[in-house]
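Participant: Below is a structure I'd like to ask you about.
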Amino acid sequence: MSESMSDTAPPAVKKSEGGIGETIIVILQALAIALVVRTFLFQPFNIPSGSMIPTLEIGDYLFVSKYSYGYSRYSFPFGFPPFQGRIFGAAPKRGDVVVFKLPRDNETDYIKRVIGLPGDKIEMKKGRLFINDQMVPREPIEKVETEDLYGHVGPVPTYRETLPGGVEHRIIEIQGDDGYNDNAGPFVVPQGDYFMMGDNRDNSTDSRVPQDQGGVGYVPLENVEGRAEMIFFSVGGGAAAWEFWRWPWTLRVNRMFHAVR
């Protein structure tokens with residue numbers, strides 16, 4: 001009986017070793033797939049500020065497509081490899097909501113809407129947006145409930161704005177047409193750069209504010225990481241995504257699986 005047990009023991013050990021090895025291989029394969037998807041296809045991104053309200057709210061989690069505009073060094077983790085320009089490049093379109101590296105540090109992720117293309121003249125006059133000396137049309141719509149600059153929640157002026165090319169999107173004007181950046185410019189967008197603005201026009205540090213004043217300034221194409229595509233998760237009330245015990249009160253199901261426009 002002891003010989004029989006001795007004879008069968010080695011295969012059991014080999015099977016156990018094989019199982020551990022296969023598990024490690026599966027884990028490594030899963031990590032490799034996740035890295036490829038995150039680098040070349042889609043990257044998750046969460047909204048930490050209210051600069052894009054009402055399109056995006058604090059606590060929204062969305063997918064950003066990395067392939068939409070091709071790849072630069074900022075498309076890769078840690079900016080490696082450090083090459084110049086873009087490969088498989090495509091130009092952002094006016095009205096796209098994009099994630100980019102802040103030009104003055106090339107590290108911080110920002111998300112804004114593309115307003116000005118290379119060569120465009122952009123100007124704000126009394127709250128109205130002008131592109132190439134033409135006033136961008138807007139129409140008032142139902143007001144949005146949000147927090148103003150003093151922390152008070154209430155209805156704020158909301159508009160549907162139609163950019164040249166036909167892209168429609170909503171904007172809010174917390175301070176009406178008398179906000180800090182409601183008179184700015186004119187700006188002439190350099191070749192290879194883009195002019196970004198937040199949909200929350202009175203609460204967005206964007207291309208209307210020069211880099212030397214702590215703003216975004218013009219954004220080079222190289223700094224663009226990808227295009228916002230879809231909200232896949234959303235929590236409100238100041239809750240973190242992992243605080244699942246608060247979901248019955250904080251989960252915003254009505255925002256999930258909505259395309260970003």
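Chain lettering (A, B, ...) mirrors the order of the structure tokens, residue numbering begins at 1 for each chain separately, and ligand numbering begins at 1 in order of display.
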For Pro164 in chain A, work out the shell of residues within 12 Å, counting only C-alpha atoms and skipping chain neighbours fewer than 6 positions away, then give it as a list in words.
Facilitator: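 The neighbour list is Lys93, Arg94, Gly95, Val114, Ile115, Gly116, Leu117, Asp120, Leu129, Phe130, Ile131, Asn132, Asp133, Gln134, Met135, Val136, Pro137 and Arg138 of chain A.
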Participant: List every residue of range 46-98 of chain A that DSSP, applied to the backbone, labels as helix (DSSP H, G or I), and write the result as a list in words.
Facilitator: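 Of range 46-98 of chain A, the ones in helix (DSSP H, G or I) are Arg73, Tyr74, Ser75, Pro77, Phe78 and Gly79 of chain A.
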Participant: Name the residues in contact with range 58-71 of chain A at a cut-off of 9 Å, using only C-alpha atoms, excluding same-chain residues fewer than 4 positions from it; report them as a count of residues only.
Facilitator: 53
Participant: DSSP on the backbone, strand (DSSP E or B) only: what residues of range 139-183 of chain A does that give? Format it as a ChimeraX atom specification.
Facilitator: /A:139-147,153-162,168-172
Participant: Mind dumping the selected residues with N, CA, C and O atoms as an mmCIF file, in the first residue's frame?
Facilitator:
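In the end it all went to selection38.cif:
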```
data_model
loop_
_atom_site.group_PDB
_atom_site.id
_atom_site.type_symbol
_atom_site.label_atom_id
_atom_site.label_comp_id
_atom_site.auth_asym_id
_atom_site.auth_seq_id
_atom_site.Cartn_x
_atom_site.Cartn_y
_atom_site.Cartn_z
ATOM 1 N N GLU A 139 -29.438 79.576 -27.631
ATOM 2 C CA GLU A 139 -30.829 79.795 -27.255
ATOM 3 C C GLU A 139 -31.035 79.344 -25.812
ATOM 4 O O GLU A 139 -30.493 78.320 -25.393
ATOM 5 N N PRO A 140 -31.790 80.102 -25.020
ATOM 6 C CA PRO A 140 -32.018 79.714 -23.619
ATOM 7 C C PRO A 140 -32.863 78.456 -23.532
ATOM 8 O O PRO A 140 -33.805 78.263 -24.315
ATOM 9 N N ILE A 141 -32.507 77.579 -22.618
ATOM 10 C CA ILE A 141 -33.279 76.364 -22.363
ATOM 11 C C ILE A 141 -33.516 76.254 -20.856
ATOM 12 O O ILE A 141 -33.143 77.150 -20.098
ATOM 13 N N GLU A 142 -34.123 75.162 -20.436
ATOM 14 C CA GLU A 142 -34.446 74.984 -19.018
ATOM 15 C C GLU A 142 -33.197 75.115 -18.156
ATOM 16 O O GLU A 142 -32.144 74.547 -18.459
ATOM 17 N N LYS A 143 -33.300 75.879 -17.070
ATOM 18 C CA LYS A 143 -32.154 76.125 -16.203
ATOM 19 C C LYS A 143 -31.692 74.848 -15.503
ATOM 20 O O LYS A 143 -32.475 73.929 -15.252
ATOM 21 N N VAL A 144 -30.406 74.813 -15.209
ATOM 22 C CA VAL A 144 -29.790 73.690 -14.516
ATOM 23 C C VAL A 144 -29.590 74.055 -13.051
ATOM 24 O O VAL A 144 -29.197 75.182 -12.725
ATOM 25 N N GLU A 145 -29.880 73.112 -12.161
ATOM 26 C CA GLU A 145 -29.618 73.305 -10.731
ATOM 27 C C GLU A 145 -28.172 72.936 -10.452
ATOM 28 O O GLU A 145 -27.753 71.798 -10.666
ATOM 29 N N THR A 146 -27.380 73.885 -10.000
ATOM 30 C CA THR A 146 -25.986 73.596 -9.687
ATOM 31 C C THR A 146 -25.472 74.592 -8.658
ATOM 32 O O THR A 146 -26.157 75.553 -8.304
ATOM 33 N N GLU A 147 -24.255 74.364 -8.195
ATOM 34 C CA GLU A 147 -23.639 75.211 -7.181
ATOM 35 C C GLU A 147 -22.981 76.407 -7.834
ATOM 36 O O GLU A 147 -22.259 76.266 -8.829
ATOM 37 N N VAL A 153 -26.623 76.421 -4.003
ATOM 38 C CA VAL A 153 -27.225 75.605 -5.069
ATOM 39 C C VAL A 153 -28.521 76.256 -5.531
ATOM 40 O O VAL A 153 -29.372 76.631 -4.713
ATOM 41 N N GLY A 154 -28.672 76.397 -6.826
ATOM 42 C CA GLY A 154 -29.881 77.000 -7.367
ATOM 43 C C GLY A 154 -29.865 76.951 -8.877
ATOM 44 O O GLY A 154 -28.894 76.501 -9.493
ATOM 45 N N PRO A 155 -30.939 77.428 -9.506
ATOM 46 C CA PRO A 155 -31.009 77.413 -10.972
ATOM 47 C C PRO A 155 -30.089 78.473 -11.573
ATOM 48 O O PRO A 155 -29.993 79.589 -11.070
ATOM 49 N N VAL A 156 -29.389 78.090 -12.647
ATOM 50 C CA VAL A 156 -28.477 79.027 -13.313
ATOM 51 C C VAL A 156 -28.839 79.104 -14.795
ATOM 52 O O VAL A 156 -29.388 78.151 -15.366
ATOM 53 N N PRO A 157 -28.575 80.240 -15.445
ATOM 54 C CA PRO A 157 -28.888 80.395 -16.864
ATOM 55 C C PRO A 157 -28.206 79.307 -17.702
ATOM 56 O O PRO A 157 -27.001 79.068 -17.561
ATOM 57 N N THR A 158 -28.985 78.678 -18.558
ATOM 58 C CA THR A 158 -28.508 77.564 -19.377
ATOM 59 C C THR A 158 -28.900 77.798 -20.832
ATOM 60 O O THR A 158 -29.999 78.279 -21.109
ATOM 61 N N TYR A 159 -27.982 77.452 -21.745
ATOM 62 C CA TYR A 159 -28.215 77.707 -23.163
ATOM 63 C C TYR A 159 -27.820 76.495 -23.997
ATOM 64 O O TYR A 159 -26.950 75.703 -23.601
ATOM 65 N N ARG A 160 -28.436 76.384 -25.146
ATOM 66 C CA ARG A 160 -27.986 75.444 -26.173
ATOM 67 C C ARG A 160 -27.190 76.239 -27.193
ATOM 68 O O ARG A 160 -27.711 77.133 -27.848
ATOM 69 N N GLU A 161 -25.913 75.943 -27.305
ATOM 70 C CA GLU A 161 -25.015 76.664 -28.194
ATOM 71 C C GLU A 161 -24.738 75.801 -29.421
ATOM 72 O O GLU A 161 -24.537 74.592 -29.306
ATOM 73 N N THR A 162 -24.722 76.421 -30.595
ATOM 74 C CA THR A 162 -24.469 75.695 -31.843
ATOM 75 C C THR A 162 -23.195 76.223 -32.478
ATOM 76 O O THR A 162 -23.134 77.361 -32.949
ATOM 77 N N GLU A 168 -24.122 70.859 -31.462
ATOM 78 C CA GLU A 168 -24.911 71.512 -30.421
ATOM 79 C C GLU A 168 -24.517 70.963 -29.052
ATOM 80 O O GLU A 168 -24.320 69.759 -28.894
ATOM 81 N N HIS A 169 -24.411 71.834 -28.090
ATOM 82 C CA HIS A 169 -24.105 71.404 -26.736
ATOM 83 C C HIS A 169 -24.656 72.437 -25.769
ATOM 84 O O HIS A 169 -24.972 73.567 -26.152
ATOM 85 N N ARG A 170 -24.768 72.041 -24.505
ATOM 86 C CA ARG A 170 -25.304 72.936 -23.484
ATOM 87 C C ARG A 170 -24.173 73.643 -22.742
ATOM 88 O O ARG A 170 -23.117 73.064 -22.504
ATOM 89 N N ILE A 171 -24.416 74.880 -22.379
ATOM 90 C CA ILE A 171 -23.492 75.632 -21.537
ATOM 91 C C ILE A 171 -24.288 76.275 -20.407
ATOM 92 O O ILE A 171 -25.508 76.448 -20.512
ATOM 93 N N ILE A 172 -23.595 76.605 -19.318
ATOM 94 C CA ILE A 172 -24.235 77.367 -18.245
ATOM 95 C C ILE A 172 -23.414 78.626 -17.982
ATOM 96 O O ILE A 172 -22.201 78.665 -18.198
#
```
Participant: Would you mind telling me which residue in A:Ser204, A:Asn106, A:Thr23, A:Asn223 lies nearest to Leu149 in chain A when using only C-alpha atoms?
Facilitator: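 The answer is A:Ser204, which sits nearest to Leu149 in chain A.
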Participant: In Å, with one decimal, what is the gap from CA of Gly198 in chain A to CA of Lys121 in chain A?
Facilitator: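 Between CA of Gly198 in chain A and CA of Lys121 in chain A the gap works out to 17.5 Å.
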Participant: Identify, on the basis of only C-alpha atoms, every residue whose closest approach to Met124 in chain A does not exceed 8 Å; exclude the query and any residue fewer than 2 positions from it along the same chain; express the result as a count of residues only.
Facilitator: 12
Participant: What does the distance between CA of Asp178 in chain A and CA of Pro220 in chain A come to in Å, to one decimal place?
Facilitator: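 About the pair CA of Asp178 in chain A and CA of Pro220 in chain A: they are 29.4 Å apart.
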Participant: Kindly indicate which residue among A:Tyr74, A:Arg113, A:Val189, A:Asn200 lies nearest to Glu173 in chain A, using only C-alpha atoms for the distances.
Facilitator: A:Asn200
Participant: Report, in Å to a single decimal, how far apart CA of Val167 in chain A and CA of Asp202 in chain A are.
Facilitator: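 Spanning CA of Asp202 in chain A to CA of Val167 in chain A is a straight-line distance of 20.9 Å.
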